[in-house]
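Report on one structure; see the data block that follows.
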Amino acid sequence: MKRLGKSMWLAVLLTGVLVTILSPNAAAQTGSIAGTVIGIDGKPMLNLTVEAVSEQGAKTDAKTDGEGRFVIRNLRPGVYTLTITAFPPPNDKQPAVGMGQLKVTSGEEAKMPDMNFKEMAAKAGSAAAEKNKKDAEEKQKFEGMKAHFDAGSAFLDQERKAKDDVAKAAPDQRDAAKQNVKDLSDKAAAEFQAAQKTASEKDPNQHLLWAKLGEAYDLAGRNDEAAQAYQQAINAKPDDPGYYNNLGNVLARAGKIDEARAAYTKSAELDPTKAALAWRNFGISLYSVQRMTEAIEPLKKATQLDPNNAQGWYLLATCMVADPAVYKQVGDKIQVTITPGTVEAYQKAIELDPNGVYGKQAQEGLAQLQQMAPGVDTKVNAKKKKS
């Protein structure tokens, strides 16, 4: 018995030696996470379950004490995600709350920033108040912008009507009618500029404000100002084919043909379904400033893309007739050589619009062709006789 007792004592002693030797190594392989949780009332929260999940998915938890403190021990080195998974009654139904991530190092206690629900609520309230303030400011800006926009649009409507009245005005009243257009243009532009100043820089309506400003200048024939405004609209919304079309209109009227062609080309590329309209507008703009020869090319493109538009055919024929190359001085007479396709263009306009404005003007054009070049077959839908 005495011998056995000595052996047992030796075993216990050896065990103690082993524990003494191994404990430092074991401690060096793990770490811990500590933190404190403060409630909405500013007091420590007791009996919360805080869980740490490793990158491999291993879970370890601990509860908070009377001071709201928790310590999760025996964690291998790595990054852990901490979550409050359970609250004591009466808040036990509250969903889990994430606390963030923390890196654990061997032999050290990682300190988790305190979870202070009172401070968090105060910050959230402050953030909400700031957001409400900004929302109110944005709303006020929008309402101010809209008021100026609506006023500008009203002046723009009046300007359009005044522009129509210029064409109808008697010669002695035409200057006054033109001045009215100019005055309304100024008023509309002032409102749209005020809308721009009232709106925020990131307001998604900025491109529309520039476009409306461009139209206010455009109607009054203020080509340079209109071109600048339309370019700004394009800068704000570069995928709008209408803005390129409008820019092309004023550039063509200003005689900037190459720039206008580039704008119309871009408009046609962005919306191929309206490419014919873009080229026809190019032709109309050139026609309106008596640049007939240059209008032939875009009008040919327009009629090829949209062969059922009477206006395009009539304008094409008219511009072809106006081409100086058609007329040649021979002695004391002018020799007229009709450009191939001219008669057919007039005939097409008549066919598509027999009783309309373009059809009637095309008929007059054919009659004039007959006078200029007797013997030219101008019969509509005439068929060649078989030889």
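To be explicit about the labels: the chains of the structure tokens are called A, B, and onward in the order shown, and within each one the residues are counted from 1, while ligands get numbers from 1 in the order they are shown.
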Got a sec: who's within 10 Å of region 69-72 of chain A, counting only C-alpha atoms, leaving out chain neighbours fewer than 5 positions off, as a ChimeraX atom specification? /A:31-38,44-52,60-64,109-112,114
For Gln304 (chain A), find every residue with an atom within 12 Å (counting only C-alpha atoms), except residues of its own chain fewer than 3 positions away, and show them as a list in words.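 Within the cut-off, the hits are Ala275, Ala276, Leu277, Trp279, Arg280, Glu297, Pro298, Leu299, Lys300, Lys301, Pro307, Asn308, Asn309, Gly312, Trp313, Leu316 and Ala345 of chain A.
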Keeping only C-alpha atoms, write the selected residues as a CSV table (one decimal), in the first residue's frame.
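The file below, again21.csv, is the result:
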```
chain,number,residue,atom,x,y,z
A,275,ALA,CA,-32.5,59.5,-89.3
A,276,ALA,CA,-34.6,60.7,-92.2
A,277,LEU,CA,-36.0,63.5,-90.0
A,279,TRP,CA,-31.3,64.8,-92.6
A,280,ARG,CA,-34.5,66.5,-93.7
A,297,GLU,CA,-27.0,66.1,-100.3
A,298,PRO,CA,-29.0,65.9,-96.9
A,299,LEU,CA,-32.3,66.0,-98.8
A,300,LYS,CA,-31.3,63.1,-101.0
A,301,LYS,CA,-30.4,61.1,-97.8
A,307,PRO,CA,-39.5,58.0,-99.6
A,308,ASN,CA,-43.1,58.8,-98.5
A,309,ASN,CA,-42.5,62.3,-97.3
A,312,GLY,CA,-38.6,66.1,-98.7
A,313,TRP,CA,-39.2,65.4,-102.4
A,316,LEU,CA,-35.1,68.3,-103.1
A,345,ALA,CA,-38.7,64.5,-107.4
```
Extract the full set of helix (DSSP H, G or I) residues from region 211-329 of chain A according to DSSP on the backbone, and format it as an MDAnalysis selection string. chainID A and resid 211:219 223:236 241:253 257:270 272:288 292:305 310:322 324:326
Produce a file of the selected residues containing C-alpha atoms, as an mmCIF file, in the first residue's frame.
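Saved file selection_14.cif follows:
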```
data_model
loop_
_atom_site.group_PDB
_atom_site.id
_atom_site.type_symbol
_atom_site.label_atom_id
_atom_site.label_comp_id
_atom_site.auth_asym_id
_atom_site.auth_seq_id
_atom_site.Cartn_x
_atom_site.Cartn_y
_atom_site.Cartn_z
ATOM 1 C CA ALA A 211 -32.666 72.602 -73.784
ATOM 2 C CA LYS A 212 -35.526 74.962 -72.966
ATOM 3 C CA LEU A 213 -33.105 77.877 -72.755
ATOM 4 C CA GLY A 214 -31.784 76.882 -76.170
ATOM 5 C CA GLU A 215 -35.315 76.846 -77.580
ATOM 6 C CA ALA A 216 -36.007 80.326 -76.173
ATOM 7 C CA TYR A 217 -32.972 81.635 -78.070
ATOM 8 C CA ASP A 218 -33.669 79.431 -81.101
ATOM 9 C CA LEU A 219 -37.152 80.815 -81.750
ATOM 10 C CA ASN A 223 -28.211 81.178 -83.168
ATOM 11 C CA ASP A 224 -24.964 81.524 -81.207
ATOM 12 C CA GLU A 225 -26.705 81.632 -77.840
ATOM 13 C CA ALA A 226 -29.000 78.765 -78.845
ATOM 14 C CA ALA A 227 -26.041 76.652 -79.988
ATOM 15 C CA GLN A 228 -24.250 77.185 -76.668
ATOM 16 C CA ALA A 229 -27.349 76.215 -74.686
ATOM 17 C CA TYR A 230 -28.032 73.111 -76.788
ATOM 18 C CA GLN A 231 -24.381 72.074 -76.389
ATOM 19 C CA GLN A 232 -24.757 72.335 -72.624
ATOM 20 C CA ALA A 233 -27.884 70.158 -72.835
ATOM 21 C CA ILE A 234 -25.846 67.597 -74.776
ATOM 22 C CA ASN A 235 -23.059 67.744 -72.183
ATOM 23 C CA ALA A 236 -25.627 66.988 -69.470
ATOM 24 C CA PRO A 241 -30.761 62.610 -80.324
ATOM 25 C CA GLY A 242 -33.187 65.542 -80.179
ATOM 26 C CA TYR A 243 -30.578 67.830 -78.652
ATOM 27 C CA TYR A 244 -28.135 67.065 -81.476
ATOM 28 C CA ASN A 245 -30.895 67.693 -84.003
ATOM 29 C CA ASN A 246 -31.689 71.082 -82.450
ATOM 30 C CA LEU A 247 -28.006 71.977 -82.339
ATOM 31 C CA GLY A 248 -27.711 71.050 -86.020
ATOM 32 C CA ASN A 249 -30.626 73.369 -86.866
ATOM 33 C CA VAL A 250 -29.031 76.487 -85.400
ATOM 34 C CA LEU A 251 -25.538 75.647 -86.660
ATOM 35 C CA ALA A 252 -26.869 75.221 -90.189
ATOM 36 C CA ARG A 253 -28.700 78.544 -90.000
ATOM 37 C CA ILE A 257 -22.230 73.556 -92.224
ATOM 38 C CA ASP A 258 -19.551 71.063 -91.195
ATOM 39 C CA GLU A 259 -20.457 71.390 -87.516
ATOM 40 C CA ALA A 260 -24.140 71.087 -88.357
ATOM 41 C CA ARG A 261 -23.518 67.961 -90.421
ATOM 42 C CA ALA A 262 -21.665 66.393 -87.473
ATOM 43 C CA ALA A 263 -24.572 67.180 -85.134
ATOM 44 C CA TYR A 264 -27.192 65.740 -87.510
ATOM 45 C CA THR A 265 -25.038 62.666 -88.110
ATOM 46 C CA LYS A 266 -24.818 62.052 -84.365
ATOM 47 C CA SER A 267 -28.588 62.490 -84.028
ATOM 48 C CA ALA A 268 -29.167 59.939 -86.785
ATOM 49 C CA GLU A 269 -26.736 57.480 -85.173
ATOM 50 C CA LEU A 270 -28.403 57.748 -81.771
ATOM 51 C CA PRO A 272 -31.778 55.481 -86.639
ATOM 52 C CA THR A 273 -35.607 55.457 -86.738
ATOM 53 C CA LYS A 274 -35.514 59.265 -87.014
ATOM 54 C CA ALA A 275 -32.472 59.540 -89.252
ATOM 55 C CA ALA A 276 -34.620 60.699 -92.168
ATOM 56 C CA LEU A 277 -36.012 63.506 -90.004
ATOM 57 C CA ALA A 278 -32.509 64.585 -89.012
ATOM 58 C CA TRP A 279 -31.323 64.818 -92.632
ATOM 59 C CA ARG A 280 -34.543 66.505 -93.735
ATOM 60 C CA ASN A 281 -34.142 69.089 -90.996
ATOM 61 C CA PHE A 282 -30.595 69.677 -92.204
ATOM 62 C CA GLY A 283 -31.927 70.311 -95.689
ATOM 63 C CA ILE A 284 -34.711 72.583 -94.421
ATOM 64 C CA SER A 285 -32.268 74.618 -92.334
ATOM 65 C CA LEU A 286 -30.012 75.144 -95.357
ATOM 66 C CA TYR A 287 -32.988 75.879 -97.586
ATOM 67 C CA SER A 288 -34.241 78.525 -95.134
ATOM 68 C CA MET A 292 -29.794 75.421 -101.851
ATOM 69 C CA THR A 293 -26.852 73.596 -103.374
ATOM 70 C CA GLU A 294 -25.603 72.416 -99.976
ATOM 71 C CA ALA A 295 -29.113 71.255 -99.077
ATOM 72 C CA ILE A 296 -29.234 68.744 -101.947
ATOM 73 C CA GLU A 297 -27.049 66.109 -100.279
ATOM 74 C CA PRO A 298 -28.972 65.866 -96.946
ATOM 75 C CA LEU A 299 -32.322 66.000 -98.782
ATOM 76 C CA LYS A 300 -31.278 63.090 -100.980
ATOM 77 C CA LYS A 301 -30.428 61.095 -97.844
ATOM 78 C CA ALA A 302 -33.769 62.045 -96.301
ATOM 79 C CA THR A 303 -35.797 60.924 -99.334
ATOM 80 C CA GLN A 304 -33.855 57.669 -99.561
ATOM 81 C CA LEU A 305 -34.574 56.880 -95.909
ATOM 82 C CA ALA A 310 -43.776 64.847 -99.827
ATOM 83 C CA GLN A 311 -41.947 67.762 -98.224
ATOM 84 C CA GLY A 312 -38.564 66.093 -98.676
ATOM 85 C CA TRP A 313 -39.174 65.417 -102.383
ATOM 86 C CA TYR A 314 -40.455 68.934 -103.068
ATOM 87 C CA LEU A 315 -37.504 70.594 -101.326
ATOM 88 C CA LEU A 316 -35.056 68.301 -103.090
ATOM 89 C CA ALA A 317 -36.483 69.205 -106.513
ATOM 90 C CA THR A 318 -36.546 72.918 -105.665
ATOM 91 C CA CYS A 319 -32.926 72.894 -104.531
ATOM 92 C CA MET A 320 -31.852 70.967 -107.618
ATOM 93 C CA VAL A 321 -33.519 73.591 -109.817
ATOM 94 C CA ALA A 322 -31.745 76.349 -107.878
ATOM 95 C CA PRO A 324 -26.199 77.228 -110.402
ATOM 96 C CA ALA A 325 -24.747 74.330 -112.387
ATOM 97 C CA VAL A 326 -28.132 74.014 -114.107
#
```
A:Val79, A:Ala194, A:Ala220, A:Ala86 ranked by distance to Lys141 (chain A), top pick (using only C-alpha atoms):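 So, comparing all the options, the nearest one is A:Ala194.
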Which of region 68-305 of chain A counts as strand (DSSP E) under DSSP, as a PyMOL selection string please? chain A and resi 69-75+78-86+97-104+109-111+115-116
Computed interatomic separation between CA of Lys146 (chain A) and CA of Pro238 (chain A) (Å): 23.1 Å
Given only C-alpha atoms as the counted atoms, nearest of A:Tyr358, A:Phe117, A:Phe192, A:Tyr80 to Val104 (chain A):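 Ranked by minimum distance to Val104 (chain A), first place goes to A:Tyr80.
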Please provide the set of residues having any atom within 9 Å of Ile350 (chain A), restricted to only C-alpha atoms, with same-chain residues fewer than 3 positions apart removed, written as a ChimeraX atom specification. /A:310,314,345-347,353-356,358-363,380
Test item: residues at most 9 Å from Glu143 (chain A), only C-alpha atoms, excluding those fewer than 5 positions along its chain, as an mmCIF file with N, CA and C atoms, in the first residue's frame:
```
data_model
loop_
_atom_site.group_PDB
_atom_site.id
_atom_site.type_symbol
_atom_site.label_atom_id
_atom_site.label_comp_id
_atom_site.auth_asym_id
_atom_site.auth_seq_id
_atom_site.Cartn_x
_atom_site.Cartn_y
_atom_site.Cartn_z
ATOM 1 N N GLU A 138 -33.593 70.329 -50.386
ATOM 2 C CA GLU A 138 -33.722 69.855 -51.759
ATOM 3 C C GLU A 138 -35.141 70.079 -52.283
ATOM 4 N N HIS A 148 -39.861 78.602 -61.545
ATOM 5 C CA HIS A 148 -39.210 79.325 -62.639
ATOM 6 C C HIS A 148 -39.371 78.572 -63.961
ATOM 7 N N THR A 198 -31.502 78.031 -59.138
ATOM 8 C CA THR A 198 -32.255 77.504 -57.994
ATOM 9 C C THR A 198 -32.052 76.009 -57.824
ATOM 10 N N ALA A 199 -31.941 75.298 -58.931
ATOM 11 C CA ALA A 199 -31.787 73.843 -58.875
ATOM 12 C C ALA A 199 -30.400 73.480 -58.355
#
```
So how far away is CA of Gly98 (chain A) from CA of Thr85 (chain A), in Å?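 These two atoms are separated by 8.5 Å.
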CA of Ser54 (chain A) and CA of Gly78 (chain A), how far apart in Å?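 One can read the CA of Gly78 (chain A) to CA of Ser54 (chain A) distance as 7.0 Å.
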Residues within 8 Å of region 176-182 of chain A, please, as a ChimeraX atom specification. Count only C-alpha atoms; anything in the same chain fewer than 6 positions from it doesn't count. /A:159,162-163,165-166,169,219-220
